[in-house]
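structure39.txt (compact mmCIF, C-alpha atoms) appears below.
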# COMPACT_ATOMS: atom_id res chain seq x y z
CA MET Q 1 -10.40 2.73 -32.24
CA ASP Q 2 -12.23 2.54 -28.89
CA ILE Q 3 -11.61 -0.23 -26.40
CA GLU Q 4 -14.89 -2.06 -27.09
CA LYS Q 5 -14.23 -2.29 -30.84
CA PHE Q 6 -10.61 -3.27 -30.17
CA LYS Q 7 -11.69 -6.10 -27.86
CA GLU Q 8 -14.11 -7.47 -30.43
CA LYS Q 9 -11.55 -7.49 -33.24
CA LEU Q 10 -8.77 -8.93 -31.05
CA ILE Q 11 -10.99 -11.79 -29.88
CA GLU Q 12 -12.08 -12.50 -33.46
CA GLU Q 13 -8.44 -12.71 -34.60
CA ALA Q 14 -7.51 -14.92 -31.64
CA LYS Q 15 -10.17 -17.44 -32.65
CA LYS Q 16 -9.06 -17.36 -36.29
CA ASN Q 17 -5.48 -18.15 -35.23
CA ASP Q 18 -6.38 -21.16 -33.07
CA ILE Q 19 -5.60 -19.51 -29.76
CA SER Q 20 -7.70 -21.86 -27.65
CA SER Q 21 -8.04 -19.73 -24.51
CA TYR Q 22 -7.28 -16.07 -24.06
CA GLU Q 23 -7.54 -13.16 -21.69
CA LEU Q 24 -7.50 -9.44 -22.34
CA TYR Q 25 -6.59 -7.25 -19.35
CA TYR Q 26 -6.67 -3.46 -19.66
CA GLU Q 27 -5.81 -0.57 -17.39
CA TYR Q 28 -6.41 3.16 -17.74
CA SER Q 29 -5.18 5.90 -15.40
CA ASN Q 30 -5.52 9.66 -15.23
CA ASN Q 31 -3.42 11.65 -12.76
CA LEU Q 32 -3.34 15.31 -11.79
CA ASN Q 33 -0.46 16.55 -9.65
CA ILE Q 34 -0.27 20.07 -8.22
CA SER Q 35 2.44 21.25 -5.85
CA SER Q 36 3.45 24.57 -4.34
CA TYR Q 37 6.49 26.02 -2.62
CA ASN Q 38 5.84 28.97 -0.31
CA LEU Q 39 2.57 29.93 -2.01
CA ASP Q 40 4.00 29.61 -5.53
CA ILE Q 41 2.73 26.81 -7.75
CA ASP Q 42 5.86 24.97 -8.90
CA ASN Q 43 4.23 22.00 -10.61
CA TYR Q 44 0.97 21.43 -12.45
CA SER Q 45 0.99 18.25 -14.46
CA VAL Q 46 -1.54 15.92 -16.01
CA SER Q 47 -0.61 12.41 -17.08
CA LYS Q 48 -2.70 9.74 -18.74
CA SER Q 49 -1.82 6.18 -19.53
CA PHE Q 50 -3.55 3.22 -21.09
CA GLY Q 51 -2.37 -0.29 -21.79
CA ILE Q 52 -3.58 -3.77 -22.72
CA SER Q 53 -2.09 -7.12 -21.80
CA PHE Q 54 -3.14 -10.15 -23.85
CA ARG Q 55 -2.55 -13.73 -22.67
CA GLY Q 56 -3.36 -16.70 -24.86
CA ILE Q 57 -2.88 -20.47 -24.88
CA TYR Q 58 -1.61 -21.78 -28.21
CA LYS Q 59 -0.91 -25.51 -28.67
CA GLY Q 60 -1.06 -25.95 -24.90
CA LYS Q 61 1.47 -23.24 -24.11
CA LEU Q 62 0.95 -19.72 -22.77
CA GLY Q 63 2.07 -16.61 -24.61
CA MET Q 64 1.77 -13.00 -23.52
CA ALA Q 65 2.08 -9.57 -25.15
CA SER Q 66 1.03 -5.98 -24.48
CA THR Q 67 0.35 -2.72 -26.26
CA GLU Q 68 -0.63 0.88 -25.61
CA ILE Q 69 -2.06 1.51 -29.08
CA LEU Q 70 -5.57 0.57 -30.21
CA ASP Q 71 -5.42 -0.10 -33.96
CA ASP Q 72 -5.47 -2.99 -36.43
CA GLU Q 73 -1.68 -3.22 -36.59
CA SER Q 74 -1.51 -3.65 -32.79
CA ILE Q 75 -4.02 -6.51 -33.00
CA ASN Q 76 -1.87 -8.33 -35.56
CA LEU Q 77 1.27 -7.74 -33.49
CA LEU Q 78 -0.39 -9.02 -30.30
CA ILE Q 79 -1.58 -12.22 -32.00
CA LYS Q 80 1.83 -12.87 -33.53
CA ALA Q 81 3.68 -12.15 -30.26
CA VAL Q 82 1.42 -14.45 -28.23
CA ILE Q 83 1.90 -17.30 -30.72
CA ASP Q 84 5.69 -16.77 -30.89
CA ASN Q 85 5.98 -16.61 -27.10
CA ALA Q 86 3.87 -19.72 -26.69
CA LEU Q 87 6.00 -21.69 -29.15
CA SER Q 88 9.18 -20.72 -27.29
CA ASN Q 89 7.67 -21.43 -23.87
CA ASP Q 90 9.26 -24.59 -22.46
CA SER Q 91 7.41 -24.51 -19.14
CA THR Q 92 5.60 -27.69 -18.12
CA GLU Q 93 3.27 -25.88 -15.70
CA LYS Q 94 -0.46 -25.99 -16.31
CA GLU Q 95 -1.81 -22.64 -17.48
CA ILE Q 96 -5.27 -21.46 -16.45
CA ILE Q 97 -7.59 -18.81 -17.84
CA PHE Q 98 -10.14 -18.29 -15.07
CA ASP Q 99 -13.79 -19.03 -15.89
CA GLY Q 100 -15.37 -17.13 -12.99
CA LYS Q 101 -17.71 -19.97 -12.02
CA ASN Q 102 -19.24 -19.94 -8.52
CA GLN Q 103 -17.92 -16.45 -7.87
CA HIS Q 104 -19.76 -13.81 -5.88
CA TYR Q 105 -18.61 -10.35 -6.91
CA HIS Q 106 -19.31 -7.83 -4.18
CA LYS Q 107 -20.51 -4.35 -4.99
CA VAL Q 108 -17.58 -2.21 -3.84
CA ASP Q 109 -17.72 1.56 -3.50
CA THR Q 110 -14.55 2.33 -5.44
CA PHE Q 111 -15.57 5.46 -7.39
CA ASN Q 112 -16.89 8.77 -6.06
CA GLU Q 113 -18.62 10.85 -8.73
CA ASN Q 114 -18.52 13.97 -6.54
CA LEU Q 115 -14.75 13.68 -6.18
CA ALA Q 116 -14.41 13.18 -9.93
CA SER Q 117 -16.46 16.31 -10.66
CA ILE Q 118 -14.23 18.68 -8.65
CA PRO Q 119 -12.61 21.14 -11.10
CA SER Q 120 -8.83 21.25 -11.40
CA LYS Q 121 -8.94 24.91 -10.37
CA ASP Q 122 -10.43 23.85 -7.03
CA ARG Q 123 -7.55 21.45 -6.43
CA LEU Q 124 -5.08 24.21 -7.20
CA CYS Q 125 -6.85 26.45 -4.69
CA LEU Q 126 -6.74 23.68 -2.08
CA CYS Q 127 -2.99 23.33 -2.55
CA LEU Q 128 -2.45 27.07 -2.00
CA LYS Q 129 -4.92 27.14 0.89
CA LEU Q 130 -3.05 24.45 2.80
CA SER Q 131 0.20 26.30 2.27
CA GLU Q 132 -1.35 29.60 3.33
CA LYS Q 133 -2.73 28.08 6.55
CA ALA Q 134 0.73 26.80 7.39
CA GLN Q 135 2.23 30.22 6.61
CA ASN Q 136 -0.26 32.00 8.86
CA TYR Q 137 -0.05 29.57 11.77
CA ASN Q 138 0.69 31.12 15.16
CA TYR Q 139 4.18 29.71 15.72
CA SER Q 140 6.03 30.07 19.00
CA SER Q 141 8.67 32.79 18.93
CA ASN Q 142 11.30 30.02 19.25
CA PHE Q 143 10.57 28.86 15.72
CA LYS Q 144 11.02 30.49 12.36
CA LEU Q 145 9.21 29.11 9.33
CA LYS Q 146 11.69 28.44 6.55
CA ALA Q 147 9.55 26.71 3.90
CA VAL Q 148 6.15 25.16 3.23
CA MET Q 149 5.59 22.58 0.50
CA ALA Q 150 2.04 21.51 -0.30
CA GLU Q 151 0.82 18.93 -2.78
CA VAL Q 152 -2.60 17.81 -4.02
CA ASN Q 153 -2.95 14.73 -6.24
CA TYR Q 154 -6.01 13.28 -7.92
CA THR Q 155 -5.94 9.78 -9.43
CA GLU Q 156 -8.58 7.99 -11.46
CA LYS Q 157 -8.20 4.43 -12.75
CA LYS Q 158 -10.21 1.87 -14.67
CA TYR Q 159 -9.54 -1.87 -14.94
CA GLY Q 160 -11.12 -4.59 -17.05
CA ILE Q 161 -10.81 -8.29 -17.87
CA VAL Q 162 -12.41 -10.15 -20.78
CA ASN Q 163 -11.61 -13.78 -21.56
CA SER Q 164 -12.63 -16.80 -23.60
CA GLU Q 165 -14.25 -18.47 -20.57
CA GLY Q 166 -17.06 -15.91 -20.41
CA LEU Q 167 -15.55 -13.44 -17.97
CA ASN Q 168 -16.30 -9.77 -18.69
CA LEU Q 169 -15.51 -7.55 -15.70
CA ASN Q 170 -14.58 -3.94 -15.12
CA TYR Q 171 -14.52 -1.31 -12.38
CA LYS Q 172 -13.12 2.16 -11.85
CA SER Q 173 -11.68 3.87 -8.81
CA ASN Q 174 -10.54 7.30 -7.72
CA HIS Q 175 -9.02 9.10 -4.77
CA GLU Q 176 -7.40 12.37 -3.79
CA ALA Q 177 -4.36 13.02 -1.62
CA SER Q 178 -3.11 16.11 0.20
CA ILE Q 179 0.42 16.32 1.56
CA LEU Q 180 1.98 19.15 3.55
CA GLU Q 181 5.67 19.44 4.46
CA ILE Q 182 7.04 22.02 6.91
CA VAL Q 183 10.63 23.27 7.38
CA LEU Q 184 11.34 25.11 10.65
CA ASN Q 185 14.37 26.74 12.21
CA LYS Q 186 15.09 26.98 15.92
CA GLY Q 187 18.34 28.79 16.45
CA GLU Q 188 20.94 26.87 14.46
CA GLU Q 189 18.81 23.75 14.20
CA THR Q 190 16.60 22.97 11.18
CA ASN Q 191 14.02 20.21 10.98
CA THR Q 192 11.40 19.08 8.52
CA ASP Q 193 8.43 16.73 8.68
CA TYR Q 194 5.11 16.23 6.96
CA ALA Q 195 1.53 15.02 7.22
CA TYR Q 196 -0.70 13.48 4.60
CA ALA Q 197 -4.30 12.52 3.96
CA PHE Q 198 -5.66 10.07 1.39
CA TYR Q 199 -9.41 10.13 0.92
CA LYS Q 200 -12.23 9.20 -1.43
CA ASN Q 201 -14.53 11.99 -0.32
CA ARG Q 202 -13.42 15.63 -0.03
CA SER Q 203 -15.50 16.01 3.13
CA ASP Q 204 -13.16 13.53 4.82
CA LEU Q 205 -10.29 16.01 4.57
CA ASN Q 206 -9.84 18.15 7.69
CA GLU Q 207 -7.54 20.92 6.45
CA ASP Q 208 -6.77 22.42 9.85
CA GLU Q 209 -6.01 19.02 11.33
CA LEU Q 210 -3.63 18.23 8.47
CA VAL Q 211 -1.79 21.55 8.93
CA GLU Q 212 -1.52 21.18 12.70
CA LYS Q 213 -0.28 17.61 12.38
CA ALA Q 214 2.47 18.58 9.93
CA ILE Q 215 3.59 21.43 12.19
CA LYS Q 216 3.47 19.35 15.37
CA ASN Q 217 5.41 16.53 13.71
CA THR Q 218 8.12 19.04 12.76
CA ILE Q 219 8.27 20.76 16.15
CA ASP Q 220 8.59 17.39 17.89
CA ARG Q 221 11.86 16.78 16.00
CA PHE Q 222 13.76 19.57 17.78
CA ASP Q 223 16.28 19.19 20.61
CA GLY Q 224 16.65 15.50 19.90
CA LYS Q 225 19.18 13.48 21.86
CA THR Q 226 20.30 9.90 21.67
CA VAL Q 227 19.78 7.35 24.44
CA VAL Q 228 21.95 4.79 26.16
CA SER Q 229 22.09 1.53 24.21
CA GLY Q 230 20.00 -1.26 25.63
CA LYS Q 231 16.66 -3.02 25.47
CA TYR Q 232 13.58 -0.81 25.77
CA LYS Q 233 9.84 -1.18 25.93
CA VAL Q 234 8.60 0.86 22.97
CA VAL Q 235 5.49 2.21 21.37
CA ILE Q 236 5.74 2.11 17.59
CA LYS Q 237 3.48 4.85 16.21
CA ASN Q 238 0.59 3.81 13.97
CA SER Q 239 1.90 4.97 10.58
CA THR Q 240 5.41 3.79 11.49
CA PHE Q 241 4.26 0.24 12.25
CA ALA Q 242 2.22 0.37 9.04
CA LEU Q 243 5.54 1.01 7.28
CA MET Q 244 6.97 -2.08 8.99
CA LEU Q 245 3.97 -4.05 7.73
CA ARG Q 246 4.51 -2.71 4.22
CA THR Q 247 8.16 -3.78 4.43
CA PHE Q 248 7.52 -7.34 5.66
CA TRP Q 249 4.10 -8.25 4.21
CA GLU Q 250 5.70 -10.74 1.82
CA VAL Q 251 6.24 -13.21 4.67
CA PHE Q 252 2.51 -13.86 4.10
CA ASN Q 253 2.90 -14.17 0.29
CA GLY Q 254 1.88 -17.66 -0.85
CA GLU Q 255 4.40 -17.52 -3.70
CA ASN Q 256 7.23 -16.97 -1.20
CA VAL Q 257 5.90 -19.68 1.08
CA ASN Q 258 5.91 -22.17 -1.81
CA LYS Q 259 9.51 -21.20 -2.61
CA ASN Q 260 10.62 -21.62 1.03
CA LEU Q 261 11.28 -17.87 1.27
CA SER Q 262 9.09 -17.40 4.34
CA LEU Q 263 9.61 -18.85 7.80
CA LEU Q 264 5.83 -19.15 8.12
CA LYS Q 265 5.71 -22.22 5.90
CA ASN Q 266 3.76 -25.04 7.59
CA LYS Q 267 2.55 -22.62 10.27
CA LEU Q 268 -1.14 -22.35 9.28
CA GLU Q 269 -3.42 -22.65 12.31
CA LYS Q 270 -0.42 -22.19 14.60
CA VAL Q 271 0.38 -19.31 16.93
CA VAL Q 272 2.76 -16.90 15.17
CA ALA Q 273 1.97 -13.65 16.99
CA SER Q 274 0.60 -12.15 20.17
CA LYS Q 275 -3.07 -12.69 21.00
CA ALA Q 276 -3.40 -8.92 20.75
CA LEU Q 277 -2.79 -9.07 17.00
CA THR Q 278 -5.42 -9.61 14.31
CA LEU Q 279 -4.27 -8.87 10.76
CA ILE Q 280 -6.94 -8.30 8.11
CA ASP Q 281 -6.90 -7.90 4.34
CA ASN Q 282 -10.10 -6.19 3.26
CA PRO Q 283 -10.66 -5.20 -0.40
CA LEU Q 284 -14.27 -4.19 0.36
CA LEU Q 285 -13.50 -1.11 2.48
CA ASN Q 286 -14.20 2.40 1.26
CA ALA Q 287 -10.44 2.79 0.95
CA MET Q 288 -7.55 3.29 -1.44
CA ASN Q 289 -6.98 -0.19 -2.78
CA SER Q 290 -10.49 -1.64 -2.75
CA LYS Q 291 -11.62 -3.77 -5.68
CA PRO Q 292 -14.35 -6.31 -6.55
CA PHE Q 293 -12.00 -8.69 -8.39
CA ASP Q 294 -8.28 -9.32 -8.71
CA ALA Q 295 -5.98 -9.35 -11.73
CA GLU Q 296 -7.16 -12.83 -12.74
CA GLY Q 297 -10.87 -12.09 -12.32
CA VAL Q 298 -11.25 -13.91 -8.99
CA ALA Q 299 -13.76 -12.26 -6.67
CA THR Q 300 -12.15 -10.49 -3.73
CA LYS Q 301 -13.21 -10.95 -0.13
CA GLU Q 302 -12.30 -9.88 3.38
CA LYS Q 303 -9.98 -12.34 5.09
CA LYS Q 304 -8.08 -12.63 8.35
CA ILE Q 305 -4.42 -13.41 7.81
CA ILE Q 306 -3.77 -13.62 11.56
CA GLU Q 307 -6.59 -13.95 14.07
CA LYS Q 308 -5.69 -13.31 17.72
CA GLY Q 309 -2.15 -14.50 17.05
CA VAL Q 310 -3.06 -17.58 14.98
CA LEU Q 311 -2.00 -17.72 11.32
CA LYS Q 312 -5.17 -18.31 9.26
CA SER Q 313 -4.22 -17.66 5.63
CA PHE Q 314 -1.60 -16.64 3.09
CA PHE Q 315 -2.12 -14.44 0.03
CA HIS Q 316 -2.68 -16.51 -3.11
CA ASN Q 317 -3.33 -16.17 -6.81
CA ILE Q 318 -4.62 -19.15 -8.80
CA LYS Q 319 -1.17 -20.63 -9.47
CA SER Q 320 0.25 -20.30 -5.93
CA ALA Q 321 -3.02 -21.63 -4.47
CA GLU Q 322 -2.93 -24.71 -6.71
CA GLU Q 323 0.67 -25.38 -5.66
CA SER Q 324 -0.45 -25.18 -2.02
CA GLY Q 325 -3.52 -27.35 -2.51
CA THR Q 326 -5.94 -24.57 -1.72
CA PHE Q 327 -7.95 -21.84 -3.47
CA SER Q 328 -7.07 -18.34 -4.64
CA THR Q 329 -7.70 -15.68 -2.02
CA GLY Q 330 -8.40 -13.07 -4.70
CA ASN Q 331 -4.97 -11.45 -4.36
CA ALA Q 332 -3.60 -11.85 -7.88
CA SER Q 333 -2.00 -8.59 -8.97
CA LYS Q 334 -0.02 -6.84 -11.68
CA ALA Q 335 2.56 -4.15 -10.97
CA LYS Q 336 1.37 -2.64 -14.25
CA TYR Q 337 -0.80 -3.81 -17.12
CA SER Q 338 2.12 -5.44 -18.97
CA SER Q 339 3.48 -7.30 -15.91
CA SER Q 340 3.05 -10.98 -15.29
CA ILE Q 341 0.62 -12.16 -12.62
CA SER Q 342 1.94 -11.89 -9.07
CA VAL Q 343 0.46 -11.64 -5.56
CA SER Q 344 -0.22 -8.64 -3.32
CA PRO Q 345 -2.55 -7.52 -0.52
CA THR Q 346 -5.33 -4.98 -0.96
CA ASN Q 347 -6.04 -2.98 2.22
CA LEU Q 348 -3.92 -4.81 4.80
CA TYR Q 349 -4.20 -3.57 8.36
CA ILE Q 350 -3.98 -4.52 12.01
CA GLU Q 351 -7.33 -4.46 13.77
CA LYS Q 352 -7.47 -1.61 16.27
CA GLY Q 353 -7.69 -2.14 20.01
CA TYR Q 354 -9.55 -0.28 22.75
CA LYS Q 355 -6.96 1.98 24.43
CA ASN Q 356 -6.42 5.50 23.16
CA PHE Q 357 -2.90 6.79 22.57
CA ASP Q 358 -2.61 8.50 25.98
CA GLU Q 359 -3.70 5.29 27.70
CA ILE Q 360 -1.06 3.40 25.75
CA LEU Q 361 1.62 5.83 26.96
CA ALA Q 362 0.37 5.46 30.53
CA TYR Q 363 0.51 1.67 30.16
CA VAL Q 364 4.15 1.81 29.03
CA GLU Q 365 5.04 4.35 31.73
CA ASN Q 366 8.74 4.50 30.81
CA GLY Q 367 10.22 3.69 27.42
CA LEU Q 368 10.47 5.09 23.90
CA LEU Q 369 8.07 6.15 21.17
CA ILE Q 370 9.35 5.28 17.69
CA ASN Q 371 7.73 7.54 15.10
CA ASP Q 372 10.19 7.48 12.21
CA LEU Q 373 12.16 4.73 10.48
CA GLN Q 374 14.74 4.98 7.72
CA GLY Q 375 16.47 2.33 5.64
CA THR Q 376 13.68 -0.20 5.22
CA HIS Q 377 14.94 -1.01 1.70
CA SER Q 378 18.48 -1.86 2.78
CA GLY Q 379 18.14 -2.64 6.48
CA ALA Q 380 15.39 -5.26 6.34
CA ASN Q 381 15.71 -8.90 5.24
CA VAL Q 382 12.22 -10.08 4.32
CA GLU Q 383 13.23 -13.74 4.12
CA THR Q 384 14.74 -13.98 7.63
CA GLY Q 385 12.71 -11.16 9.18
CA ASP Q 386 15.83 -9.47 10.55
CA PHE Q 387 16.03 -5.68 10.55
CA SER Q 388 18.37 -2.90 11.64
CA LEU Q 389 16.85 0.53 11.00
CA SER Q 390 17.74 4.12 11.78
CA ALA Q 391 15.00 5.59 13.95
CA LYS Q 392 13.73 8.72 15.63
CA GLY Q 393 11.15 9.20 18.31
CA MET Q 394 10.47 10.55 21.77
CA ARG Q 395 11.06 9.57 25.37
CA ILE Q 396 8.18 8.25 27.46
CA GLU Q 397 8.60 9.16 31.12
CA ASN Q 398 5.92 8.58 33.73
CA GLY Q 399 3.41 7.93 30.96
CA VAL Q 400 3.95 11.16 28.98
CA LEU Q 401 6.15 12.22 26.06
CA THR Q 402 9.06 14.33 27.30
CA GLY Q 403 11.59 14.96 24.54
CA ALA Q 404 12.83 14.06 21.08
CA VAL Q 405 15.12 11.09 20.47
CA GLU Q 406 17.41 10.78 17.46
CA GLN Q 407 20.60 9.07 16.28
CA ILE Q 408 19.41 5.63 17.33
CA THR Q 409 19.07 2.30 15.57
CA ILE Q 410 16.48 -0.32 16.40
CA SER Q 411 17.20 -3.94 15.54
CA GLY Q 412 15.39 -7.21 15.86
CA ASN Q 413 13.30 -9.69 13.95
CA PHE Q 414 9.83 -9.15 12.47
CA TYR Q 415 8.61 -12.62 13.46
CA THR Q 416 9.69 -11.97 17.05
CA LEU Q 417 8.19 -8.48 16.92
CA LEU Q 418 4.75 -9.93 16.17
CA LYS Q 419 5.00 -12.15 19.24
CA ASN Q 420 6.15 -9.28 21.45
CA ILE Q 421 3.14 -7.02 20.84
CA GLU Q 422 1.57 -6.37 24.25
CA GLU Q 423 -1.10 -3.80 23.43
CA VAL Q 424 -2.76 -2.35 20.34
CA ALA Q 425 -4.20 1.18 20.41
CA ASP Q 426 -7.42 2.44 18.81
CA ASP Q 427 -5.69 4.94 16.47
CA LEU Q 428 -5.67 2.97 13.20
CA GLU Q 429 -3.92 4.91 10.43
CA PHE Q 430 -2.79 3.95 6.94
CA TYR Q 431 0.69 4.68 5.60
CA LEU Q 432 1.51 6.10 2.17
CA PRO Q 433 0.38 3.51 -0.41
CA ASN Q 434 2.65 1.93 -2.97
CA SER Q 435 2.22 -0.40 -5.93
CA THR Q 436 1.86 -3.46 -3.69
CA GLY Q 437 -1.00 -2.26 -1.51
CA TYR Q 438 -2.33 -0.01 1.25
CA PHE Q 439 -1.07 -0.76 4.76
CA GLY Q 440 -2.50 0.36 8.08
CA SER Q 441 -1.88 -0.10 11.78
CA PRO Q 442 -2.75 1.36 15.16
CA SER Q 443 0.11 2.27 17.52
CA VAL Q 444 1.46 -0.89 19.15
CA VAL Q 445 3.36 -1.62 22.35
CA ILE Q 446 6.40 -3.86 21.91
CA LYS Q 447 7.53 -5.63 25.08
CA GLU Q 448 11.22 -5.24 24.29
CA ILE Q 449 13.43 -4.16 21.41
CA SER Q 450 17.16 -3.54 21.04
CA VAL Q 451 18.13 0.12 20.70
CA SER Q 452 21.65 1.29 19.80
CA GLY Q 453 22.47 4.81 20.87
CA GLU Q 454 25.45 6.06 22.81

Could I get this file's structure written as C-alpha cells?
Amino acid sequence: MDIEKFKEKLIEEAKKNDISSYELYYEYSNNLNISSYNLDIDNYSVSKSFGISFRGIYKGKLGMASTEILDDESINLLIKAVIDNALSNDSTEKEIIFDGKNQHYHKVDTFNENLASIPSKDRLCLCLKLSEKAQNYNYSSNFKLKAVMAEVNYTEKKYGIVNSEGLNLNYKSNHEASILEIVLNKGEETNTDYAYAFYKNRSDLNEDELVEKAIKNTIDRFDGKTVVSGKYKVVIKNSTFALMLRTFWEVFNGENVNKNLSLLKNKLEKVVASKALTLIDNPLLNAMNSKPFDAEGVATKEKKIIEKGVLKSFFHNIKSAEESGTFSTGNASKAKYSSSISVSPTNLYIEKGYKNFDEILAYVENGLLINDLQGTHSGANVETGDFSLSAKGMRIENGVLTGAVEQITISGNFYTLLKNIEEVADDLEFYLPNSTGYFGSPSVVIKEISVSGE
C-alpha cells in the first residue's frame, strides 16, 4: 500500500473510532555510504527506512503509536494503540493538534535534483579520487604516509504531516558529505586528523582544498608539547567553537528553561554575552538542516537567539511556548519518526565578524589556538555550564602560529565564555551535524581561559 492510500484509510478509521483530533507524521530516508582504505573500497552500503507516527486525542486524552509497515493490519493496530494509550494517559496537560492558521510557509531550497541524479558509481569514483590525491600528495621527506581513509555519503529524506485540522505538508531534502582522514609518521611519532565537507551542490566541493586541509591538520599535530598551567588568551578555532555550541545549545532550550535547567531563565532582553556575539537560528539557509516547517507543522523562520550580547529568544515548540506565555518558534523536533515531540535548533550559528584569521592571530599576539576538544560528553555540564575538556592546539607568538600544543585541559564555564568573547573572525564554518541540528561558528577570541598543562 502506498503512503497516500494508507493516509486515507487511517484517517477514515480514526473518524469511525471517535478519535476527535489526529496527526499523522511520516519520515522516509535513503542513505548511501561508501568508504575506502588506501585505495581499496572497504564499505559500500545502502540503507532505507520509513516510519509513521500517529497521534490522536480520544476522550480528551492523547495517545500515540508508530509503525513501519503500510497495510490494513497496521492501521488497525495504530488505532487500537492510540485508544489504549489515551485511556491510560493520566496527564492533565492540554493537548494540541496544530491547525496551521495564520502561518506563512517559506519556500526553502532543501532538495537539489542535480545532486540526486548523480550515479552511485560517480560517488564511488569520488571516494577513490580523494584517497588517490592524498596518496600522491608531495609530502615533505620528514613524513611518511601510513594510511588514507576516505568516505562519501549521500542522504535523501522526506517528511510529511497530515492532521484533522486541515494541515497537509511535506518536503524533501538531500545532501552529500565527503570526509578524508590522514595517518602520518614522523620518526617514531604517529598522528592522524581529518577534514570534511557537507554540501548540497557538488560544485561546492573543492577536492584539492579538502585534501590539503586534512593533510595540514595532521601535520600540525606533530612535535606537540604541553604548556605551563595558567590563564591564557585563546583563539578557539571555528569548527571547535561550533562543537562547543553543539554541546551547550540546550541552555537556550525553552523546555529546559521551563524546568529550571538553564541559568538563562528570566534573562530575556538582558545582556548574557559579549557585544561581539550574535547567535542566529536560520532554517531558511541553503544548508544541511533547513526546513519550511517543524515537527508540529509550525512554519519555520530565521530568528536571533542573541543579538549583540542581548538574549532575544529561546527555542520553543507549541507546548513549551504555551508554558512560557509566548508562541512556538518553529523548533519542534523528533529524534526519529516514533519519538515524542521535543525541541531543537535548525542551522544554529554565530554571525561572522570582519577580521580574517591572520588578523585575529595578530590581534591576540601571544596566546594559544585551541583546535581540538575531547570529552564533551563527560566533561561538560549543560545545566551549570561548567566544562573541563582535554584539548590540543598551537602556540601563538608575535601574532603567528609557532608550534603544536598537546596534553592540556581547558576549564571554565560556558556562560562566562560567552561574555569573554573579544573578537569574532570572518571564517564561519559548520561542525559535523548530529540529530539535534547543524552548528556553525567563526573562530573566536576568548579574553581568558584556564589551561592546565605542566

Nearby residues (only C-alpha atoms) at most 9 Å from segment 365-372 of chain Q, same-chain spacing under 2 positions excluded, as a PDB file with C-alpha atoms, keeping the file's coordinate frame:
ATOM      1  CA  TYR Q 232      13.580  -0.810  25.770  1.00  0.00           C
ATOM      2  CA  LYS Q 233       9.840  -1.180  25.930  1.00  0.00           C
ATOM      3  CA  VAL Q 234       8.600   0.860  22.970  1.00  0.00           C
ATOM      4  CA  VAL Q 235       5.490   2.210  21.370  1.00  0.00           C
ATOM      5  CA  ILE Q 236       5.740   2.110  17.590  1.00  0.00           C
ATOM      6  CA  LYS Q 237       3.480   4.850  16.210  1.00  0.00           C
ATOM      7  CA  ASN Q 238       0.590   3.810  13.970  1.00  0.00           C
ATOM      8  CA  SER Q 239       1.900   4.970  10.580  1.00  0.00           C
ATOM      9  CA  THR Q 240       5.410   3.790  11.490  1.00  0.00           C
ATOM     10  CA  PHE Q 241       4.260   0.240  12.250  1.00  0.00           C
ATOM     11  CA  ILE Q 360      -1.060   3.400  25.750  1.00  0.00           C
ATOM     12  CA  LEU Q 361       1.620   5.830  26.960  1.00  0.00           C
ATOM     13  CA  ALA Q 362       0.370   5.460  30.530  1.00  0.00           C
ATOM     14  CA  TYR Q 363       0.510   1.670  30.160  1.00  0.00           C
ATOM     15  CA  GLN Q 374      14.740   4.980   7.720  1.00  0.00           C
ATOM     16  CA  SER Q 390      17.740   4.120  11.780  1.00  0.00           C
ATOM     17  CA  ALA Q 391      15.000   5.590  13.950  1.00  0.00           C
ATOM     18  CA  LYS Q 392      13.730   8.720  15.630  1.00  0.00           C
ATOM     19  CA  GLY Q 393      11.150   9.200  18.310  1.00  0.00           C
ATOM     20  CA  MET Q 394      10.470  10.550  21.770  1.00  0.00           C
ATOM     21  CA  ARG Q 395      11.060   9.570  25.370  1.00  0.00           C
ATOM     22  CA  ILE Q 396       8.180   8.250  27.460  1.00  0.00           C
ATOM     23  CA  GLU Q 397       8.600   9.160  31.120  1.00  0.00           C
ATOM     24  CA  ASN Q 398       5.920   8.580  33.730  1.00  0.00           C
ATOM     25  CA  GLY Q 399       3.410   7.930  30.960  1.00  0.00           C
ATOM     26  CA  VAL Q 400       3.950  11.160  28.980  1.00  0.00           C
ATOM     27  CA  LEU Q 401       6.150  12.220  26.060  1.00  0.00           C
ATOM     28  CA  VAL Q 405      15.120  11.090  20.470  1.00  0.00           C
TER      29      VAL Q 405
END

* **Non-local contacts of Val152 of chain Q (9 Å; only C-alpha atoms; under 5 positions in same chain excluded) as a PyMOL selection string** => chain Q and resi 32-35+123-124+126-127+176-180

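Between atom CA of Ser173 of chain Q and atom CA of Glu156 of chain Q the interatomic distance comes to 5.8 Å.
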
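Using only C-alpha atoms, the smallest distance between any of Q:Lys312, Q:Lys267, Q:Arg221, Q:His106 and Thr190 of chain Q comes from Q:Arg221.
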
* To do: Please return, as an NGL selection string, all polymer residues that have at least one atom within 8 Å of the point (-0.2, 14.2, 6.5); use all atoms listed in the file and the file's own coordinate frame.
  => :Q and (178-180 or 194-197 or 210-211 or 213-214)

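Here the question is which of Q:Tyr58, Q:Phe439, Q:Lys231, Q:Ser290 gets nearest to Val451 of chain Q using only C-alpha atoms, and that residue is Q:Lys231.
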
* To do: Go through Q:Lys270, Q:Lys216, Q:Lys7, Q:Lys291 one by one, measure the shortest atom-to-atom distance of each to Asn174 of chain Q using all atoms listed in the file, and give the residue with the smallest value.
  => Q:Lys291

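If you look at atom CA of Thr278 of chain Q and atom CA of Glu250 of chain Q, they are 16.8 Å away from each other.
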
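Candidate residues Q:Lys133, Q:Lys94, Q:Lys61, Q:Lys355 were compared for distance to Asn38 of chain Q, and the nearest is Q:Lys133, using all atoms listed in the file.
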